[in-house]
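Peer 1: Structure in C-alpha cells, see below.
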Amino acid sequence: MSTFAVVQAVIIGLLVFGSACYAFRKLLPGVSTRMLASASASLNKPWRSSLLQRLGRRLQPKQATGNCGDGCGTCGTCGPTPPKNARPDVQPLEFRPRQR
Amino acid sequence: MSAGTLRIALVGNPNCGKTALFNLLTGGRQKVANYAGVTVERKEGRFVTPSGRVLQLLDLPGTYSFDANSPDEQITRDVCEGNYPGEAAPDLIVCVADATNLRLHLRFVLEVKRLGRPVVLALNMMDAAKRRGIVIDVAELQHRLGVPVVETVAVKRGGAKALIERVDGDIPVAAPAEADDAASRAGLHEQVRALLAATVTMPRATAAIDDALDRWALHPVFGLGILAVLMFLIFQAVFSWAKPIMDAIQDGITALGVWVTAALPAESALHSLLNDGVFAGLGAVLVFLPQILILFLFILILEESGYLPRAAFLLDRLMFKAGLTGRAFIPLLSSFACAIPGIMATRSITDPRDRLTTILVAPLMTCSARLPVYTLLIAAFIPSRTVWGIFNLQGVVLFTLYVVGIVSALAVAWVIKRFRKDKSEHALLMELPSYRMPHVRDVALGLWERAKIFLKRVGGIILALTVLLWFLSSFPGAPEGATQPAIDYSLAGRIGHVMQYVFAPIGFNWQICIALIPGLAAREVAVSALGTVYAMSGTDDAVASQLGPMIAHTWSLPTALSLLAWYVFAPQCMSTLAVIRRETNSWRNVALTAGYLFGLAYLASLITYQVARALS
C-alpha cells in the first residue's frame with residue numbers, strides 16, 4: 001500500500017467518522033446527550049487513570065439550551081441558556097373542559 | 001449570579017419595542033418586527049453600565065394584562081410575580097410603553113405598578129410621537145404615576161441613554177402592592193383616562209398616514225388585490241433578480257473544485273470525495289443562496305413596515321371559514337421561513353384546539369428549505385419565457401406552488417374543524433401597528449442573519465450528510481466485470497433500488513429515492529444528495545457539475561412535476577416533528593402529522609405523475 005493510499009484512507013476515515021458523529025449529535029440530540037453523559041460518568045471514576053478521567057470530563061455534555069427546536073439551529077432564533085433549575089421553556093398543549 | 005448583578009425585566013404590551021430595546025442595550029440580535037407576538041420566549045442578556053454595574057436583562061413576551069390567557073403571556077406574569085421556577089423575581093421592572101399609543105399601554109403600566117416592585121416606565125418611540133405632534137408632560141406623568149419615567153427610541157443608536165442613566169443610579173422605591181381583583185381592575189381604565197387628560201396632548205388618535213394607507217390596504221376588494229399583487233411580485237423577483245448571481249456562484253464553485261482537486265490523482269477516492277461529494281453536493285445547494293436572500297428581503301421589509309397584521313386582518317374571514325383563528329396568521333407566516341419558529345409562535349394562541357390545528361398545518365407552509373428543491377426543478381423543466389406580456393413563467397409556477405401550500409393548509413384545517421367537537425367561535429382582536437419605513441440597517445442585519453443560518457447549515461449538517469452519502473454511494477465498490485456504474489453496487493444504490501418498488505408508481509427513480517433519506521434531516525439536503533448521486537453515477541463531468549441540466553436530461557416531465565407535488569406536502573423535516581412533539585407533549589400528534597403529510601404527498605404525487613403521463 002502506497003503512502004498516498006494510507007494517508008487517503010486516514011483522511012477519509014476521519015472525515016466519515018466526524019460526519020457521522022456530527023450528524024448523530026444534530027439529529028438525535030437527546031440520545032447523544034444521554035450516551036455522552038453515561039460514557040462520561042463511567043470514565044470519570046476515581047480508580048480510572050487521570051487520562052481517562054480527563055477524557056470523561058471532556059465528554060460531559062453541556063447543559064442543553066432547551067429554548068428552541070431540538071438541535072435544529074434552522075431558524076436562528078434560539079435564545080440563551082436558561083438559569084439552572086428553570087423549568088424548560090416549553091409550553092405543551094393542555095386541554096381542559098370549557099367552562100359553560 | 002454575582003452579588004452586584006441587577007436583574008431587570010423588560011415588560012410591556014406587544015409591539016412596543018421591548019426586544020429592540022433589549023438588542024440596543026445588550027448588543028443582541030433577537031428578532032424584531034412591526035407586529036405583535038414576535039417574542040414568545042423569555043430571552044436573557046447582559047450589559048455593563050458606564051459605572052460598571054452589571055445588569056442582567058430579561059426580555060419577556062408582550063402582554064396586555066397579567067390576566068394571562070396564552071402560554072407566552074403566562075411566562076411574563078410568572079417572572080414578574082416571582083413565580084417562575086428556578087428564577088428569582090426581578091430587582092427592577094422596566095415597563096416599556098409605546099408613546100404613540102399610551103391610551104392602550106398605560107393600563108398595563110398601572111397593573112405592573114400594583115405588583116409592589118421597583119418600576120421604571122420607558123416611553124418608547126418618542127421620535128414617532130413627536131413627529132405626530134403628541135406632547136407628553138413627562139414630569140407630570142412621573143409625578144402622577146409615582147414611578148420614574150424616561151424617554152427612549154429603541155431603534156436609534158444612543159436611544160436608551162436616559163434609561164441607562166436611570167438604571168445606573170439608585171433603584172427606585174417600590175410602590176406598595178395592591179390587591180388584584182376584578183373591581184380594582186375595572187378602575188384601571190378610569191385611571192388611564194385621568195392620566196391621559198392630565199399629561200398627554202394628542203392631535204388625533206391615529207396617524208393620518210396610517211388612515212390614508214389603510215383605506216386601501218384594508219379595503220375588502222382592493223386590499224386583497226394589493227396583497228395578491230405583492231406576493232406575486234415577490235416570486236417574480238426571486239427568479240428574475242437572482243439568476244446572474246447564481247450563475248456567478250456556480251462558476252466560482254466549479255472553478256474552485258477544479259483547482260482544489262487538480263493535484264489529486266483523478267481515480268482516487270479522495271478526488272471523488274471532494275469532486276463528487278463536497279463540490280457537487282454542497283455546490284448544488286449553495287447556488288440557491290441569492291434566491292433565499294431575495295425572498296427574505298421582501299419578507300423583512302413587509303415585517304418592518306407593519307403591513308403583515310393588515311394581511312392577517314384581510315385573511316381573517318377566509319381563515320375563520322377554514323377553521324383557523326386569525327391569530328394563526330403570524331405563526332403560519334413565520335413558517336414560510338421555517339416551520340419551527342412558526343410552531344413555537346403558536347404559543348400566542350389562547351385556545352389549545354386552535355393552537356393544535358395551527359401546529360398541524362404549519363408544516364404545509366412553504367419553508368425556505370423547500371426553495372432550493374422548487375427552483376432546481378422549475379429552472380430545469382419550466383421554460384423561462386414571458387407570459388401575459390410581463391410575467392416570467394418560472395415565477396408564476398413558483399407562486400403557484402406557494403399558493404398550493406397555503407390552500408392545502410386551509411383545506412386540512414377545514415377537515416380538522418369537521419372533526420372538532422368544540423365549534424365555538426373566537427373573534428380576532430389584533431392591534432394594527434403604525435406603518436413604518438423599514439430601517440436599512442435592520443433589514444441588512446436580518447439578511448445577514450439569514451445568510452449565516454443558511455451557510456452554517458451548508459457547512460454543518462448538509463456537509464456531514466453529503467460526506468456520509470458519498471461514503472454509502474462508494475462502498476462496497478463494484479465487483480470484477482461490473483457493467484453498471486459503481487454506485488449501483490454500493491449500499492446507497494441498493495437501498496435506492498429497494499425503495500424504488502414503493503416510489504415507482506409516483507415516478508421516482510432510485511436516485512430520487514436515495515435523496516429522500518438524507519432529505520429527512522433538512523429538505524434542501526435532497527438537492528445536495530442528488531448532486532452527489534448524479535456525480536457518482538459516472539456521467540460526463542461537465543454535465544454532472546450542473547445538476548439542473550443533468551436532471552433535465554435524464555428525468556421525464558411527469559417525474560419532475562411529481563417530485564414538486566411531493567415536496568409541497570412531504571413531512572421531511574425531523575426537527576419540525578421534534579418540535580411538534582415538544583410543543584404538544586404527544587407522540588400521537590407527531591404520528592398524525594407525519595402520517596397525514598406522507599399520505600397527502602404520496603397521493604398528490606401519484607395523481608400528478610399519472611395525469612401528466614397520460615397527457616404527455
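Each chain in the C-alpha cells gets a letter, A, B and so on, in the order shown; residues start at 1 in every chain, and ligands are counted from 1 in the order they appear.
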From a DSSP pass on the backbone, collect the residues of region 436-578 of chain B flagged as alpha helix (DSSP H) and hand them back as a PyMOL selection string.
Peer 2: chain B and resi 440-457+463-474+491-503+510-516+525-536+541-544+547-554+557-569+574-578
Peer 1: Taking only residues of chain B that have an atom at most 7 Å from an atom of chain A, what is each one's shortest atom pair and its distance in Å to one decimal, using only C-alpha atoms, in chain and number order, as a Markdown table?
Peer 2:
```
| residue | atom | partner | partner_atom | distance |
| --- | --- | --- | --- | --- |
| B:Gln30 | CA | A:Thr77 | CA | 6.9 |
| B:Lys43 | CA | A:Gly79 | CA | 5.7 |
| B:Glu44 | CA | A:Pro80 | CA | 6.2 |
| B:Pro71 | CA | A:Gln91 | CA | 6.2 |
| B:Pro85 | CA | A:Ala86 | CA | 5.4 |
| B:Gly86 | CA | A:Ala86 | CA | 4.2 |
| B:Glu87 | CA | A:Ala86 | CA | 6.5 |
| B:Leu270 | CA | A:Gln8 | CA | 6.3 |
| B:Cys338 | CA | A:Cys75 | CA | 6.2 |
| B:Ile340 | CA | A:Gly69 | CA | 6.3 |
| B:Pro341 | CA | A:Cys75 | CA | 6.6 |
| B:Pro352 | CA | A:Leu93 | CA | 6.0 |
| B:Ile453 | CA | A:Gly76 | CA | 6.3 |
| B:Ile461 | CA | A:Ala23 | CA | 6.2 |
| B:Ala464 | CA | A:Ser19 | CA | 4.4 |
| B:Leu465 | CA | A:Ala23 | CA | 6.9 |
| B:Val467 | CA | A:Val16 | CA | 6.3 |
| B:Leu468 | CA | A:Val16 | CA | 6.0 |
| B:Ala521 | CA | A:Leu27 | CA | 6.9 |
| B:Ser575 | CA | A:Cys72 | CA | 5.6 |
| B:Ala578 | CA | A:Asp70 | CA | 6.4 |
| B:Val579 | CA | A:Gly69 | CA | 5.4 |
| B:Arg582 | CA | A:Pro92 | CA | 6.6 |
| B:Glu583 | CA | A:Pro92 | CA | 4.5 |
| B:Thr584 | CA | A:Pro92 | CA | 4.7 |
| B:Asn585 | CA | A:Pro92 | CA | 5.3 |
```
Peer 1: Keeping only N, CA, C and O atoms, write the selected residues to a file as a short mmCIF file (atom, residue, chain, number, x, y, z; two decimals), in the first residue's frame.
Peer 2:
```cif
data_model
loop_
_atom_site.label_atom_id
_atom_site.label_comp_id
_atom_site.auth_asym_id
_atom_site.auth_seq_id
_atom_site.Cartn_x
_atom_site.Cartn_y
_atom_site.Cartn_z
N GLN B 30 -31.81 39.61 18.65
CA GLN B 30 -33.07 38.89 18.67
C GLN B 30 -34.00 39.47 17.61
O GLN B 30 -33.91 40.65 17.29
N LYS B 43 -36.02 35.81 26.94
CA LYS B 43 -34.65 35.91 26.44
C LYS B 43 -33.82 36.65 27.47
O LYS B 43 -34.33 37.51 28.18
N GLU B 44 -32.55 36.32 27.52
CA GLU B 44 -31.71 36.86 28.57
C GLU B 44 -30.46 37.47 27.96
O GLU B 44 -29.90 36.94 27.00
N PRO B 71 -49.96 30.90 26.59
CA PRO B 71 -48.76 30.42 27.28
C PRO B 71 -47.63 31.45 27.33
O PRO B 71 -46.92 31.54 28.33
N PRO B 85 -40.35 29.09 38.12
CA PRO B 85 -39.47 28.17 38.84
C PRO B 85 -38.00 28.36 38.48
O PRO B 85 -37.66 28.51 37.31
N GLY B 86 -37.18 28.39 39.51
CA GLY B 86 -35.74 28.49 39.30
C GLY B 86 -35.27 29.91 39.03
O GLY B 86 -34.11 30.13 38.71
N GLU B 87 -36.17 30.85 39.14
CA GLU B 87 -35.77 32.22 38.82
C GLU B 87 -36.37 33.18 39.85
O GLU B 87 -37.58 33.19 40.07
N LEU B 270 -10.17 10.14 -2.68
CA LEU B 270 -10.18 11.50 -2.14
C LEU B 270 -10.65 12.50 -3.20
O LEU B 270 -11.41 13.43 -2.89
N CYS B 338 -39.35 29.01 8.34
CA CYS B 338 -39.08 27.67 8.85
C CYS B 338 -40.27 27.30 9.74
O CYS B 338 -40.77 28.15 10.48
N ILE B 340 -40.34 25.64 12.36
CA ILE B 340 -40.04 25.57 13.80
C ILE B 340 -40.41 26.86 14.54
O ILE B 340 -41.18 26.81 15.50
N PRO B 341 -39.91 28.03 14.11
CA PRO B 341 -40.38 29.25 14.80
C PRO B 341 -41.88 29.45 14.64
O PRO B 341 -42.52 30.03 15.52
N PRO B 352 -56.35 25.95 23.14
CA PRO B 352 -55.47 24.82 22.79
C PRO B 352 -55.88 24.11 21.51
O PRO B 352 -55.02 23.59 20.79
N ILE B 453 -27.30 31.68 8.77
CA ILE B 453 -28.01 30.44 9.10
C ILE B 453 -27.87 29.44 7.95
O ILE B 453 -27.57 28.26 8.16
N ILE B 461 -24.68 20.46 8.86
CA ILE B 461 -25.42 19.21 8.67
C ILE B 461 -25.41 18.77 7.20
O ILE B 461 -25.33 17.58 6.90
N ALA B 464 -21.99 17.27 6.46
CA ALA B 464 -21.84 15.97 7.13
C ALA B 464 -22.64 14.89 6.39
O ALA B 464 -22.12 13.79 6.13
N LEU B 465 -23.87 15.19 6.03
CA LEU B 465 -24.70 14.19 5.34
C LEU B 465 -24.19 13.92 3.93
O LEU B 465 -24.31 12.79 3.44
N VAL B 467 -21.02 13.96 3.01
CA VAL B 467 -19.87 13.07 3.16
C VAL B 467 -20.34 11.64 3.43
O VAL B 467 -19.84 10.67 2.83
N LEU B 468 -21.35 11.50 4.30
CA LEU B 468 -21.87 10.16 4.61
C LEU B 468 -22.52 9.53 3.38
O LEU B 468 -22.33 8.33 3.12
N ALA B 521 -33.31 14.98 7.15
CA ALA B 521 -32.66 15.89 8.10
C ALA B 521 -33.02 17.32 7.79
O ALA B 521 -33.27 18.12 8.68
N SER B 575 -36.56 17.89 12.50
CA SER B 575 -36.58 18.93 13.53
C SER B 575 -37.99 19.44 13.75
O SER B 575 -38.40 19.68 14.89
N ALA B 578 -39.80 16.96 15.79
CA ALA B 578 -39.33 17.01 17.19
C ALA B 578 -39.97 18.18 17.93
O ALA B 578 -40.35 18.04 19.09
N VAL B 579 -40.11 19.30 17.26
CA VAL B 579 -40.71 20.46 17.92
C VAL B 579 -42.21 20.24 18.14
O VAL B 579 -42.75 20.64 19.17
N ARG B 582 -42.49 18.28 21.21
CA ARG B 582 -42.21 19.08 22.39
C ARG B 582 -43.37 20.03 22.72
O ARG B 582 -43.76 20.18 23.87
N GLU B 583 -43.90 20.67 21.70
CA GLU B 583 -44.93 21.69 21.95
C GLU B 583 -46.30 21.07 22.26
O GLU B 583 -47.13 21.71 22.88
N THR B 584 -46.54 19.83 21.78
CA THR B 584 -47.85 19.22 22.05
C THR B 584 -47.75 18.14 23.11
O THR B 584 -48.77 17.62 23.56
N ASN B 585 -46.52 17.80 23.48
CA ASN B 585 -46.29 16.77 24.50
C ASN B 585 -46.96 15.46 24.13
O ASN B 585 -47.56 14.79 24.97
#
```
Peer 1: Here is a test: counting only C-alpha atoms, which residue of A:Leu59, A:Met1, A:Val31, A:Val6 is nearest to Asn44 (chain A)?
Peer 2: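 Looking only at the distances to Asn44 (chain A), the closest residue turns out to be A:Leu59.
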Peer 1: One decimal, Å: what's the distance from CA of Leu308 (chain B) over to CA of Ala97 (chain B), could you say?
Peer 2: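 Those two atoms sit 21.5 Å apart.
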Peer 1: Which distance in Å separates CA of Cys573 (chain B) and CA of Gly277 (chain B), to one decimal?
Peer 2: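 About the pair CA of Cys573 (chain B) and CA of Gly277 (chain B): they are 22.0 Å apart.
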